[in-house]
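S.K.: File entry-v3.cif follows (mmCIF, C-alpha atoms):
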data_model
#
loop_
_atom_site.group_PDB
_atom_site.id
_atom_site.type_symbol
_atom_site.label_atom_id
_atom_site.label_comp_id
_atom_site.auth_asym_id
_atom_site.auth_seq_id
_atom_site.Cartn_x
_atom_site.Cartn_y
_atom_site.Cartn_z
ATOM 1 C CA MET A 1 -20.099 14.989 2.068
ATOM 2 C CA SER A 2 -18.775 11.781 0.595
ATOM 3 C CA THR A 3 -20.471 11.763 -2.801
ATOM 4 C CA THR A 4 -18.449 12.029 -5.986
ATOM 5 C CA GLY A 5 -18.056 15.361 -7.726
ATOM 6 C CA PRO A 6 -18.179 16.170 -11.437
ATOM 7 C CA ASP A 7 -14.386 15.894 -11.741
ATOM 8 C CA ASP A 8 -13.709 12.850 -9.575
ATOM 9 C CA ARG A 9 -11.123 10.519 -11.096
ATOM 10 C CA VAL A 10 -10.680 8.291 -8.034
ATOM 11 C CA ASP A 11 -13.150 5.576 -7.037
ATOM 12 C CA ILE A 12 -14.653 6.577 -3.688
ATOM 13 C CA PRO A 13 -14.160 3.553 -1.400
ATOM 14 C CA SER A 14 -16.927 1.890 0.563
ATOM 15 C CA TRP A 15 -15.120 1.946 3.911
ATOM 16 C CA GLY A 16 -15.174 4.870 6.324
ATOM 17 C CA TRP A 17 -12.568 7.647 6.420
ATOM 18 C CA TRP A 18 -11.506 6.517 9.885
ATOM 19 C CA ALA A 19 -9.801 3.520 8.256
ATOM 20 C CA ALA A 20 -6.990 5.833 7.049
ATOM 21 C CA PRO A 21 -5.571 6.981 10.428
ATOM 22 C CA ALA A 22 -6.309 3.582 11.953
ATOM 23 C CA ALA A 23 -4.326 1.796 9.226
ATOM 24 C CA VAL A 24 -1.392 4.221 9.544
ATOM 25 C CA VAL A 25 -1.108 3.571 13.288
ATOM 26 C CA PHE A 26 -1.677 -0.173 12.917
ATOM 27 C CA GLY A 27 0.820 -0.339 10.042
ATOM 28 C CA VAL A 28 3.556 1.432 12.012
ATOM 29 C CA ILE A 29 3.050 -0.876 15.002
ATOM 30 C CA LEU A 30 2.816 -4.026 12.912
ATOM 31 C CA GLY A 31 5.773 -3.035 10.728
ATOM 32 C CA SER A 32 7.967 -2.157 13.689
ATOM 33 C CA VAL A 33 7.231 -5.454 15.407
ATOM 34 C CA GLY A 34 7.758 -7.389 12.188
ATOM 35 C CA THR A 35 11.107 -5.688 11.554
ATOM 36 C CA ILE A 36 12.291 -6.416 15.097
ATOM 37 C CA VAL A 37 11.352 -10.085 14.669
ATOM 38 C CA VAL A 38 13.289 -10.299 11.391
ATOM 39 C CA GLU A 39 16.340 -8.624 12.925
ATOM 40 C CA ALA A 40 16.159 -10.878 15.979
ATOM 41 C CA VAL A 41 16.092 -13.972 13.790
ATOM 42 C CA GLY A 42 18.948 -12.559 11.707
ATOM 43 C CA ALA A 43 20.980 -11.865 14.835
ATOM 44 C CA GLY A 44 21.330 -15.592 15.313
ATOM 45 C CA ASN A 45 22.780 -16.020 11.838
ATOM 46 C CA GLY A 46 25.861 -13.845 11.761
ATOM 47 C CA GLY A 47 24.441 -10.381 12.393
ATOM 48 C CA THR A 48 23.257 -8.333 15.355
ATOM 49 C CA ILE A 49 20.041 -6.475 16.062
ATOM 50 C CA SER A 50 21.846 -3.126 16.108
ATOM 51 C CA HIS A 51 23.908 -3.908 12.976
ATOM 52 C CA PRO A 52 21.976 -6.377 10.798
ATOM 53 C CA THR A 53 23.492 -7.772 7.629
ATOM 54 C CA ALA A 54 22.427 -6.359 4.259
ATOM 55 C CA VAL A 55 20.230 -9.384 3.528
ATOM 56 C CA VAL A 56 18.517 -9.207 6.934
ATOM 57 C CA SER A 57 17.969 -5.466 6.520
ATOM 58 C CA ILE A 58 16.335 -5.991 3.130
ATOM 59 C CA PHE A 59 14.073 -8.716 4.524
ATOM 60 C CA GLY A 60 13.135 -6.307 7.317
ATOM 61 C CA ASP A 61 12.237 -3.621 4.781
ATOM 62 C CA ILE A 62 10.094 -6.084 2.821
ATOM 63 C CA VAL A 63 8.253 -7.172 5.971
ATOM 64 C CA PHE A 64 7.739 -3.529 6.982
ATOM 65 C CA ASP A 65 6.088 -2.685 3.655
ATOM 66 C CA LEU A 66 3.970 -5.838 3.640
ATOM 67 C CA CYS A 67 2.717 -5.015 7.143
ATOM 68 C CA PHE A 68 1.258 -1.746 5.834
ATOM 69 C CA VAL A 69 -0.517 -3.655 3.071
ATOM 70 C CA LEU A 70 -1.910 -6.037 5.685
ATOM 71 C CA ALA A 71 -2.972 -3.126 7.912
ATOM 72 C CA ALA A 72 -4.915 -1.545 5.053
ATOM 73 C CA LEU A 73 -6.623 -4.820 4.153
ATOM 74 C CA VAL A 74 -7.626 -5.410 7.779
ATOM 75 C CA MET A 75 -9.133 -1.933 8.091
ATOM 76 C CA VAL A 76 -11.054 -1.979 4.804
ATOM 77 C CA THR A 77 -12.456 -5.420 5.586
ATOM 78 C CA ALA A 78 -13.563 -4.233 9.026
ATOM 79 C CA GLY A 79 -14.986 -0.961 7.713
ATOM 80 C CA GLY A 80 -16.589 -2.124 4.500
ATOM 81 C CA VAL A 81 -20.262 -1.968 3.649
ATOM 82 C CA GLY A 82 -22.263 -5.096 4.341
ATOM 83 C CA GLY A 83 -19.138 -7.071 5.208
ATOM 84 C CA ARG A 84 -18.212 -7.469 1.531
ATOM 85 C CA LEU A 85 -14.632 -7.554 0.321
ATOM 86 C CA PRO A 86 -13.471 -4.365 -1.447
ATOM 87 C CA ARG A 87 -13.381 -4.224 -5.241
ATOM 88 C CA PRO A 88 -9.970 -3.893 -6.961
ATOM 89 C CA SER A 89 -11.135 -0.610 -8.526
ATOM 90 C CA GLU A 90 -11.565 0.922 -5.067
ATOM 91 C CA PHE A 91 -7.769 0.759 -4.721
ATOM 92 C CA GLY A 92 -7.129 1.966 -8.257
ATOM 93 C CA PHE A 93 -6.470 -1.414 -9.860
ATOM 94 C CA ARG A 94 -7.911 -0.709 -13.288
ATOM 95 C CA ARG A 95 -6.758 -0.381 -16.860
ATOM 96 C CA VAL A 96 -5.699 3.039 -18.101
ATOM 97 C CA ARG A 97 -5.642 4.546 -21.567
ATOM 98 C CA PRO A 98 -1.986 4.359 -22.808
ATOM 99 C CA ALA A 99 -1.916 7.979 -24.029
ATOM 100 C CA ASN A 100 -3.212 9.225 -20.680
ATOM 101 C CA ALA A 101 -0.739 7.058 -18.756
ATOM 102 C CA VAL A 102 2.313 8.102 -20.800
ATOM 103 C CA ALA A 103 1.453 11.815 -20.856
ATOM 104 C CA THR A 104 0.759 11.912 -17.107
ATOM 105 C CA PHE A 105 3.918 9.906 -16.344
ATOM 106 C CA VAL A 106 6.143 12.230 -18.400
ATOM 107 C CA ILE A 107 4.626 15.486 -17.127
ATOM 108 C CA ALA A 108 4.716 14.345 -13.477
ATOM 109 C CA ALA A 109 8.326 13.153 -13.812
ATOM 110 C CA ILE A 110 9.432 16.454 -15.370
ATOM 111 C CA ILE A 111 7.727 18.500 -12.655
ATOM 112 C CA TYR A 112 9.171 16.303 -9.910
ATOM 113 C CA TYR A 113 12.768 16.405 -11.124
ATOM 114 C CA VAL A 114 12.730 20.132 -11.982
ATOM 115 C CA VAL A 115 11.311 21.079 -8.575
ATOM 116 C CA THR A 116 13.620 18.768 -6.611
ATOM 117 C CA ASP A 117 16.681 19.895 -8.578
ATOM 118 C CA ILE A 118 15.834 23.529 -7.792
ATOM 119 C CA TYR A 119 15.329 22.547 -4.148
ATOM 120 C CA ALA A 120 18.729 20.825 -4.081
ATOM 121 C CA VAL A 121 20.457 23.894 -5.551
ATOM 122 C CA VAL A 122 18.710 26.395 -3.266
ATOM 123 C CA PHE A 123 19.471 24.404 -0.109
ATOM 124 C CA SER A 124 22.877 23.135 -1.281
ATOM 125 C CA LEU A 125 22.045 19.493 -0.771
ATOM 126 C CA HIS A 126 24.919 17.068 -1.025
ATOM 127 C CA GLY A 127 25.259 13.354 -0.709
ATOM 128 C CA LYS A 128 22.756 10.752 -1.824
ATOM 129 C CA ASP A 129 19.710 8.887 -0.616
ATOM 130 C CA LYS A 130 20.667 5.785 1.363
ATOM 131 C CA LEU A 131 18.337 3.390 -0.332
ATOM 132 C CA PRO A 132 19.281 1.044 1.915
ATOM 133 C CA SER A 133 22.540 2.185 3.537
ATOM 134 C CA GLU A 134 23.683 -1.403 4.142
ATOM 135 C CA LEU A 135 24.464 -1.760 0.427
ATOM 136 C CA SER A 136 27.862 -0.123 0.682
ATOM 137 C CA ASN A 137 29.370 -3.543 -0.031
ATOM 138 C CA THR A 138 28.598 -3.728 -3.745
ATOM 139 C CA HIS A 139 30.417 -7.055 -4.015
ATOM 140 C CA ASN A 140 27.542 -8.825 -2.265
ATOM 141 C CA HIS A 141 25.704 -9.862 -5.419
ATOM 142 C CA ALA A 142 22.886 -11.602 -3.528
ATOM 143 C CA ALA A 143 22.221 -8.437 -1.532
ATOM 144 C CA ILE A 144 22.296 -6.336 -4.706
ATOM 145 C CA ALA A 145 19.811 -8.624 -6.469
ATOM 146 C CA MET A 146 17.482 -8.676 -3.466
ATOM 147 C CA THR A 147 17.707 -4.917 -3.123
ATOM 148 C CA ALA A 148 16.928 -4.373 -6.797
ATOM 149 C CA VAL A 149 13.811 -6.528 -6.478
ATOM 150 C CA PHE A 150 12.707 -4.793 -3.297
ATOM 151 C CA VAL A 151 13.505 -1.193 -4.239
ATOM 152 C CA CYS A 152 12.273 -1.352 -7.838
ATOM 153 C CA ALA A 153 9.350 -3.789 -7.625
ATOM 154 C CA VAL A 154 8.214 -4.743 -4.110
ATOM 155 C CA ALA A 155 8.359 -1.224 -2.637
ATOM 156 C CA PRO A 156 6.509 0.436 -5.554
ATOM 157 C CA ILE A 157 3.778 -2.218 -5.397
ATOM 158 C CA CYS A 158 3.303 -2.108 -1.619
ATOM 159 C CA GLU A 159 3.747 1.631 -1.120
ATOM 160 C CA GLU A 160 1.551 2.632 -4.055
ATOM 161 C CA PHE A 161 -1.131 0.242 -2.851
ATOM 162 C CA PHE A 162 -1.065 1.668 0.673
ATOM 163 C CA PHE A 163 -0.440 5.368 0.060
ATOM 164 C CA ARG A 164 -2.094 6.058 -3.298
ATOM 165 C CA GLY A 165 -4.477 3.113 -3.515
ATOM 166 C CA PHE A 166 -5.741 3.034 0.048
ATOM 167 C CA LEU A 167 -4.758 6.219 1.922
ATOM 168 C CA PHE A 168 -5.249 8.810 -0.824
ATOM 169 C CA GLY A 169 -8.491 7.172 -1.964
ATOM 170 C CA THR A 170 -9.823 7.072 1.583
ATOM 171 C CA LEU A 171 -8.935 10.698 2.343
ATOM 172 C CA ARG A 172 -10.811 11.731 -0.798
ATOM 173 C CA LYS A 173 -14.006 10.969 1.151
ATOM 174 C CA LEU A 174 -13.364 14.091 3.224
ATOM 175 C CA ARG A 175 -14.680 16.970 1.139
ATOM 176 C CA VAL A 176 -13.234 20.399 1.936
ATOM 177 C CA THR A 177 -14.844 23.346 0.125
ATOM 178 C CA VAL A 178 -13.223 26.783 0.063
ATOM 179 C CA ALA A 179 -14.866 29.647 -1.859
ATOM 180 C CA GLY A 180 -17.092 27.158 -3.631
ATOM 181 C CA ARG A 181 -14.178 25.002 -4.795
ATOM 182 C CA ASP A 182 -13.614 21.447 -3.603
ATOM 183 C CA LEU A 183 -9.996 21.210 -2.407
ATOM 184 C CA GLY A 184 -10.365 17.652 -1.136
ATOM 185 C CA VAL A 185 -8.069 16.092 -3.716
ATOM 186 C CA TRP A 186 -5.258 18.575 -2.974
ATOM 187 C CA ILE A 187 -5.542 18.221 0.791
ATOM 188 C CA ALA A 188 -5.641 14.427 0.502
ATOM 189 C CA ALA A 189 -2.551 14.526 -1.736
ATOM 190 C CA VAL A 190 -0.648 16.823 0.641
ATOM 191 C CA ILE A 191 -1.437 14.676 3.690
ATOM 192 C CA THR A 192 -0.512 11.505 1.811
ATOM 193 C CA GLY A 193 2.735 13.081 0.586
ATOM 194 C CA ILE A 194 3.732 14.157 4.097
ATOM 195 C CA LEU A 195 3.078 10.693 5.509
ATOM 196 C CA PHE A 196 4.930 9.113 2.580
ATOM 197 C CA GLY A 197 7.981 11.221 3.375
ATOM 198 C CA LEU A 198 7.794 10.560 7.121
ATOM 199 C CA VAL A 199 7.560 6.799 6.718
ATOM 200 C CA HIS A 200 11.000 6.888 5.039
ATOM 201 C CA THR A 201 12.596 8.563 8.060
ATOM 202 C CA GLY A 202 14.511 5.431 8.989
ATOM 203 C CA SER A 203 15.744 4.616 5.484
ATOM 204 C CA ALA A 204 16.530 8.062 4.035
ATOM 205 C CA SER A 205 18.644 11.004 5.161
ATOM 206 C CA SER A 206 16.650 13.858 6.667
ATOM 207 C CA GLN A 207 17.596 16.161 3.783
ATOM 208 C CA PHE A 208 15.673 13.906 1.393
ATOM 209 C CA LEU A 209 12.410 13.746 3.348
ATOM 210 C CA ILE A 210 10.934 16.863 1.712
ATOM 211 C CA PRO A 211 11.735 15.643 -1.842
ATOM 212 C CA LEU A 212 10.274 12.267 -0.900
ATOM 213 C CA GLY A 213 7.158 13.991 0.408
ATOM 214 C CA PHE A 214 6.865 15.902 -2.868
ATOM 215 C CA LEU A 215 7.281 12.616 -4.771
ATOM 216 C CA GLY A 216 4.412 11.215 -2.711
ATOM 217 C CA PHE A 217 2.297 14.244 -3.623
ATOM 218 C CA MET A 218 3.072 13.918 -7.349
ATOM 219 C CA LEU A 219 2.238 10.204 -7.291
ATOM 220 C CA CYS A 220 -1.169 11.128 -5.847
ATOM 221 C CA MET A 221 -1.648 13.470 -8.801
ATOM 222 C CA VAL A 222 -0.733 10.632 -11.161
ATOM 223 C CA ARG A 223 -3.325 8.382 -9.506
ATOM 224 C CA TRP A 224 -5.954 11.119 -9.721
ATOM 225 C CA ARG A 225 -5.280 12.153 -13.309
ATOM 226 C CA THR A 226 -5.274 8.584 -14.631
ATOM 227 C CA GLY A 227 -7.759 6.953 -12.237
ATOM 228 C CA SER A 228 -5.336 4.029 -12.005
ATOM 229 C CA LEU A 229 -2.602 2.825 -9.683
ATOM 230 C CA TYR A 230 -0.423 1.380 -12.451
ATOM 231 C CA PRO A 231 1.168 4.580 -13.867
ATOM 232 C CA GLY A 232 2.192 5.614 -10.341
ATOM 233 C CA MET A 233 3.764 2.221 -9.739
ATOM 234 C CA ALA A 234 5.705 2.620 -12.985
ATOM 235 C CA MET A 235 6.911 6.128 -12.056
ATOM 236 C CA HIS A 236 7.805 5.053 -8.514
ATOM 237 C CA SER A 237 9.726 2.069 -9.870
ATOM 238 C CA ALA A 238 11.569 4.148 -12.487
ATOM 239 C CA ASN A 239 12.590 6.739 -9.895
ATOM 240 C CA ASN A 240 13.919 4.047 -7.564
ATOM 241 C CA ALA A 241 15.744 2.256 -10.379
ATOM 242 C CA LEU A 242 17.415 5.507 -11.408
ATOM 243 C CA ALA A 243 18.442 6.289 -7.826
ATOM 244 C CA LEU A 244 19.706 2.771 -7.132
ATOM 245 C CA GLY A 245 21.464 2.235 -10.442
ATOM 246 C CA TYR A 246 23.021 5.683 -10.860
ATOM 247 C CA GLU A 247 23.693 6.919 -7.333
ATOM 248 C CA ASP A 248 24.378 3.713 -5.401
ATOM 249 C CA LEU A 249 25.644 1.142 -7.888
ATOM 250 C CA HIS A 250 27.070 3.502 -10.551
ATOM 251 C CA TRP A 251 25.654 1.438 -13.392
ATOM 252 C CA THR A 252 25.668 2.438 -17.039
ATOM 253 C CA ALA A 253 22.585 3.832 -18.794
ATOM 254 C CA PRO A 254 21.750 0.524 -20.564
ATOM 255 C CA GLU A 255 21.980 -1.332 -17.246
ATOM 256 C CA ILE A 256 19.668 1.158 -15.545
ATOM 257 C CA ILE A 257 17.170 0.976 -18.428
ATOM 258 C CA ALA A 258 17.258 -2.821 -18.223
ATOM 259 C CA LEU A 259 16.572 -2.575 -14.482
ATOM 260 C CA MET A 260 13.568 -0.307 -15.125
ATOM 261 C CA LEU A 261 12.116 -2.554 -17.830
ATOM 262 C CA GLY A 262 12.678 -5.684 -15.765
ATOM 263 C CA SER A 263 11.038 -4.070 -12.735
ATOM 264 C CA TRP A 264 8.023 -2.986 -14.800
ATOM 265 C CA ALA A 265 7.711 -6.552 -16.078
ATOM 266 C CA VAL A 266 7.711 -7.913 -12.514
ATOM 267 C CA ILE A 267 5.095 -5.354 -11.413
ATOM 268 C CA ALA A 268 2.902 -6.166 -14.438
ATOM 269 C CA LEU A 269 3.178 -9.880 -13.719
ATOM 270 C CA VAL A 270 2.357 -9.558 -10.004
ATOM 271 C CA VAL A 271 -0.442 -6.954 -9.932
ATOM 272 C CA GLY A 272 -1.408 -6.510 -13.578
ATOM 273 C CA PRO A 273 -4.030 -9.278 -13.508
ATOM 274 C CA ILE A 274 -5.824 -7.634 -10.555
ATOM 275 C CA GLY A 275 -7.158 -4.782 -12.675
ATOM 276 C CA ALA A 276 -7.041 -6.418 -16.092
ATOM 277 C CA ARG A 277 -10.841 -6.690 -16.347
ATOM 278 C CA VAL A 278 -11.629 -3.259 -14.874
ATOM 279 C CA PRO A 279 -12.264 -0.594 -17.574
ATOM 280 C CA PRO A 280 -10.428 2.755 -17.523
ATOM 281 C CA LEU A 281 -12.004 5.761 -15.859
ATOM 282 C CA VAL A 282 -12.970 8.801 -17.876
ATOM 283 C CA ARG A 283 -13.656 12.351 -16.695
ATOM 284 C CA GLY A 284 -16.408 12.297 -14.124
ATOM 285 C CA GLY A 285 -15.325 9.002 -12.523
ATOM 286 C CA ALA A 286 -17.352 6.784 -14.908
ATOM 287 C CA PRO A 287 -15.890 3.690 -16.566
ATOM 288 C CA ALA A 288 -14.986 4.036 -20.214
ATOM 289 C CA PRO A 289 -17.289 2.202 -22.643
#
Before anything else, please render the file you have as C-alpha cells.
M.R.:
Amino acid sequence: MSTTGPDDRVDIPSWGWWAAPAAVVFGVILGSVGTIVVEAVGAGNGGTISHPTAVVSIFGDIVFDLCFVLAALVMVTAGGVGGRLPRPSEFGFRRVRPANAVATFVIAAIIYYVVTDIYAVVFSLHGKDKLPSELSNTHNHAAIAMTAVFVCAVAPICEEFFFRGFLFGTLRKLRVTVAGRDLGVWIAAVITGILFGLVHTGSASSQFLIPLGFLGFMLCMVRWRTGSLYPGMAMHSANNALALGYEDLHWTAPEIIALMLGSWAVIALVVGPIGARVPPLVRGGAPAP
C-alpha cells in the first residue's frame, strides 16, 4: 500500500518506489565518472590522478554529490505522474515550526553523540574522520575555505536532498506491517542510514562508517518528526562544522560557532526560498493552517 497513514509526517512522493534503487545506481555511476573527469583535468595542472591536489579533490567531492542530486531529479522526472515536475514539498522543502525544529534538533543531536561516544568507548576507536584527508596541509588557505564551504554547506544540502529528501521519502511508499504496526518509516530510515554510511566509504575511515550510518538514520528521524528537510540540513551542517573545526583544523570554540552560523546562513540563502511558501506539516501529514 502506498497511501498515507494517520501518523505520516513525510509527503508521499508521486514517483514510483523503483526510482530509489535506480537513482542510487545511476548516482554512483555518474558520480564516479564525474570524479574521474575532474581528477583527469586536475592531473594536467600540477597533480596526478592517483594523488590529486587538495583543491582538485574537493572539486571531485562537490561533483560527486551534485551527480547524486542530478540522478534523483532524472528519476523523479521520469517516474512522475502525468509528466509533471515534482513539488518542493515532496522532497521536504517546507517551513517548520521553530519549536518543533529546535526540540527535534537538540534531542536528535544528544542521542547521536551519546550513542556514538558509547560506541567509540566500547570498541576503543582512535583517530579521527578524514573529512577530506587531503587537508593535512592546513597552510593552504584556499583549500581550507573551499573545504569549509563544501563540508558545511554543499554536502549537507546535496546529501540531505538525496538521502532524506528523495531516498527516505521514496522508501516510505513501501509499507511493511508487522503485528498490525506499520514499520515502514523505521525500515526506510535504516536502509537510508546504511546507504548513507556506505557512500562515505571513500572519504571516511572504515571505523567511522557505522557512526555515519547511525547519523544517517537519525537525520531520517529528524525529517520525519519535523516534516521538513531544513532541520536535518542544519544538524548535518553543525556536525560537519564541529568535526572539521575541532578535529581537523583545531579551531577555537568561537571560530567553530562562527563556521556553523555562516554555514547555516549559506544553506538558508541557497535552499531556503524553495520551501518558503510551503506551510509546515502537522500530525497526520496535513499542512498547518
S.K.: List, as a PDB file with C-alpha atoms, keeping the file's coordinate frame, every residue that the PyMOL selection byres ((chain A and resi 32) around 12) selects in the file provided.
M.R.:
ATOM      1  CA  VAL A  25      -1.108   3.571  13.288  1.00  0.00           C
ATOM      2  CA  PHE A  26      -1.677  -0.173  12.917  1.00  0.00           C
ATOM      3  CA  GLY A  27       0.820  -0.339  10.042  1.00  0.00           C
ATOM      4  CA  VAL A  28       3.556   1.432  12.012  1.00  0.00           C
ATOM      5  CA  ILE A  29       3.050  -0.876  15.002  1.00  0.00           C
ATOM      6  CA  LEU A  30       2.816  -4.026  12.912  1.00  0.00           C
ATOM      7  CA  GLY A  31       5.773  -3.035  10.728  1.00  0.00           C
ATOM      8  CA  VAL A  33       7.231  -5.454  15.407  1.00  0.00           C
ATOM      9  CA  GLY A  34       7.758  -7.389  12.188  1.00  0.00           C
ATOM     10  CA  THR A  35      11.107  -5.688  11.554  1.00  0.00           C
ATOM     11  CA  ILE A  36      12.291  -6.416  15.097  1.00  0.00           C
ATOM     12  CA  VAL A  37      11.352 -10.085  14.669  1.00  0.00           C
ATOM     13  CA  VAL A  38      13.289 -10.299  11.391  1.00  0.00           C
ATOM     14  CA  GLU A  39      16.340  -8.624  12.925  1.00  0.00           C
ATOM     15  CA  GLY A  60      13.135  -6.307   7.317  1.00  0.00           C
ATOM     16  CA  ASP A  61      12.237  -3.621   4.781  1.00  0.00           C
ATOM     17  CA  ILE A  62      10.094  -6.084   2.821  1.00  0.00           C
ATOM     18  CA  VAL A  63       8.253  -7.172   5.971  1.00  0.00           C
ATOM     19  CA  PHE A  64       7.739  -3.529   6.982  1.00  0.00           C
ATOM     20  CA  ASP A  65       6.088  -2.685   3.655  1.00  0.00           C
ATOM     21  CA  LEU A  66       3.970  -5.838   3.640  1.00  0.00           C
ATOM     22  CA  CYS A  67       2.717  -5.015   7.143  1.00  0.00           C
ATOM     23  CA  PHE A  68       1.258  -1.746   5.834  1.00  0.00           C
ATOM     24  CA  VAL A 199       7.560   6.799   6.718  1.00  0.00           C
ATOM     25  CA  GLY A 202      14.511   5.431   8.989  1.00  0.00           C
TER      26      GLY A 202
END
S.K.: Decode the PyMOL selection byres ((chain A and resi 185) around 9) for the given file into explicit residues and return them as a PyMOL selection string.
M.R.: chain A and resi 8+168+171-172+174-176+182-184+186-190+220-221+224
S.K.: Can you find the residues with an atom no farther than 9 Å from (9.2, 8.5, 1.9), counting all atoms listed in the file, and report them as a list in words?
M.R.: Gly193, Ile194, Leu195, Phe196, Gly197, Leu198, Val199, His200, Thr201, Ser203, Ala204, Phe208, Leu209, Ile210, Pro211, Leu212, Gly213, Leu215 and Gly216 of chain A
S.K.: Please tell me which residues are no farther than 10 Å from (-14.1, 2.4, 2.1) in the file, counting all atoms listed in the file, and write them as a list in words.
M.R.: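 Output: Asp11, Ile12, Pro13, Ser14, Trp15, Gly16, Trp17, Trp18, Ala19, Ala20, Met75, Val76, Thr77, Ala78, Gly79, Gly80, Val81, Pro86, Arg87, Glu90, Phe91, Phe166, Gly169, Thr170, Leu171 and Lys173 of chain A.
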S.K.: Include C-alpha atoms and write out the residues we just selected as a PDB file, keeping the file's coordinate frame.
M.R.:
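Heads up, here's the output in again_10.pdb:
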ATOM      1  CA  ASP A  11     -13.150   5.576  -7.037  1.00  0.00           C
ATOM      2  CA  ILE A  12     -14.653   6.577  -3.688  1.00  0.00           C
ATOM      3  CA  PRO A  13     -14.160   3.553  -1.400  1.00  0.00           C
ATOM      4  CA  SER A  14     -16.927   1.890   0.563  1.00  0.00           C
ATOM      5  CA  TRP A  15     -15.120   1.946   3.911  1.00  0.00           C
ATOM      6  CA  GLY A  16     -15.174   4.870   6.324  1.00  0.00           C
ATOM      7  CA  TRP A  17     -12.568   7.647   6.420  1.00  0.00           C
ATOM      8  CA  TRP A  18     -11.506   6.517   9.885  1.00  0.00           C
ATOM      9  CA  ALA A  19      -9.801   3.520   8.256  1.00  0.00           C
ATOM     10  CA  ALA A  20      -6.990   5.833   7.049  1.00  0.00           C
ATOM     11  CA  MET A  75      -9.133  -1.933   8.091  1.00  0.00           C
ATOM     12  CA  VAL A  76     -11.054  -1.979   4.804  1.00  0.00           C
ATOM     13  CA  THR A  77     -12.456  -5.420   5.586  1.00  0.00           C
ATOM     14  CA  ALA A  78     -13.563  -4.233   9.026  1.00  0.00           C
ATOM     15  CA  GLY A  79     -14.986  -0.961   7.713  1.00  0.00           C
ATOM     16  CA  GLY A  80     -16.589  -2.124   4.500  1.00  0.00           C
ATOM     17  CA  VAL A  81     -20.262  -1.968   3.649  1.00  0.00           C
ATOM     18  CA  PRO A  86     -13.471  -4.365  -1.447  1.00  0.00           C
ATOM     19  CA  ARG A  87     -13.381  -4.224  -5.241  1.00  0.00           C
ATOM     20  CA  GLU A  90     -11.565   0.922  -5.067  1.00  0.00           C
ATOM     21  CA  PHE A  91      -7.769   0.759  -4.721  1.00  0.00           C
ATOM     22  CA  PHE A 166      -5.741   3.034   0.048  1.00  0.00           C
ATOM     23  CA  GLY A 169      -8.491   7.172  -1.964  1.00  0.00           C
ATOM     24  CA  THR A 170      -9.823   7.072   1.583  1.00  0.00           C
ATOM     25  CA  LEU A 171      -8.935  10.698   2.343  1.00  0.00           C
ATOM     26  CA  LYS A 173     -14.006  10.969   1.151  1.00  0.00           C
TER      27      LYS A 173
END
S.K.: Quick one: residues within 12 Å of segment 103-108 of chain A, only C-alpha atoms, excluding same-chain residues fewer than 5 positions away - as a VMD selection string?
M.R.: chain A and resid 96 to 98 113 to 115 214 to 239
S.K.: How many Å separate atom CA of Ala143 of chain A from atom CA of Ser206 of chain A?
M.R.: 24.4 Å
S.K.: To one decimal place in Å, what is the distance between atom CA of Ala243 of chain A and atom CA of Val270 of chain A?
M.R.: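 So the answer is 22.7 Å.
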S.K.: Identify which of the residues A:Pro88, A:Ala71, A:Glu255, A:Val24 lies closest to Ile191 of chain A, counting only C-alpha atoms when measuring atom-to-atom distances.
M.R.: A:Val24
S.K.: First collect every listed atom of segment 267-280 of chain A; then fit an axis-aligned box around them, widen it by 8 Å on each side, and give centre and edge lengths in Å to one decimal, as lines of an AutoDock Vina configuration file.
M.R.:
center_x = -3.6
center_y = -3.6
center_z = -13.8
size_x = 33.4
size_y = 28.6
size_z = 23.6
S.K.: Kindly give the distance, in Å, that separates atom CA of Phe161 of chain A and atom CA of Val271 of chain A, rounded to a single decimal.
M.R.: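 Value for the atom CA of Phe161 of chain A-atom CA of Val271 of chain A distance: 10.1 Å.
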S.K.: Using the chain letters and numbers from this file, what does the PyMOL selection byres ((chain A and resi 246) around 12) select? Give the answer as a PyMOL selection string.
M.R.: chain A and resi 128-129+131+238-245+247-257+259-260
S.K.: Between A:Val266, A:Ala276, A:Val121, A:Val41, which is the closest to Pro156 of chain A once you count all atoms listed in the file?
M.R.: A:Val266
S.K.: Let me make sure I understand: among A:Phe123, A:Phe93, A:Phe59, A:Trp264, which one has the smallest atom-to-atom distance to Pro279 of chain A if we use only C-alpha atoms?
M.R.: A:Phe93
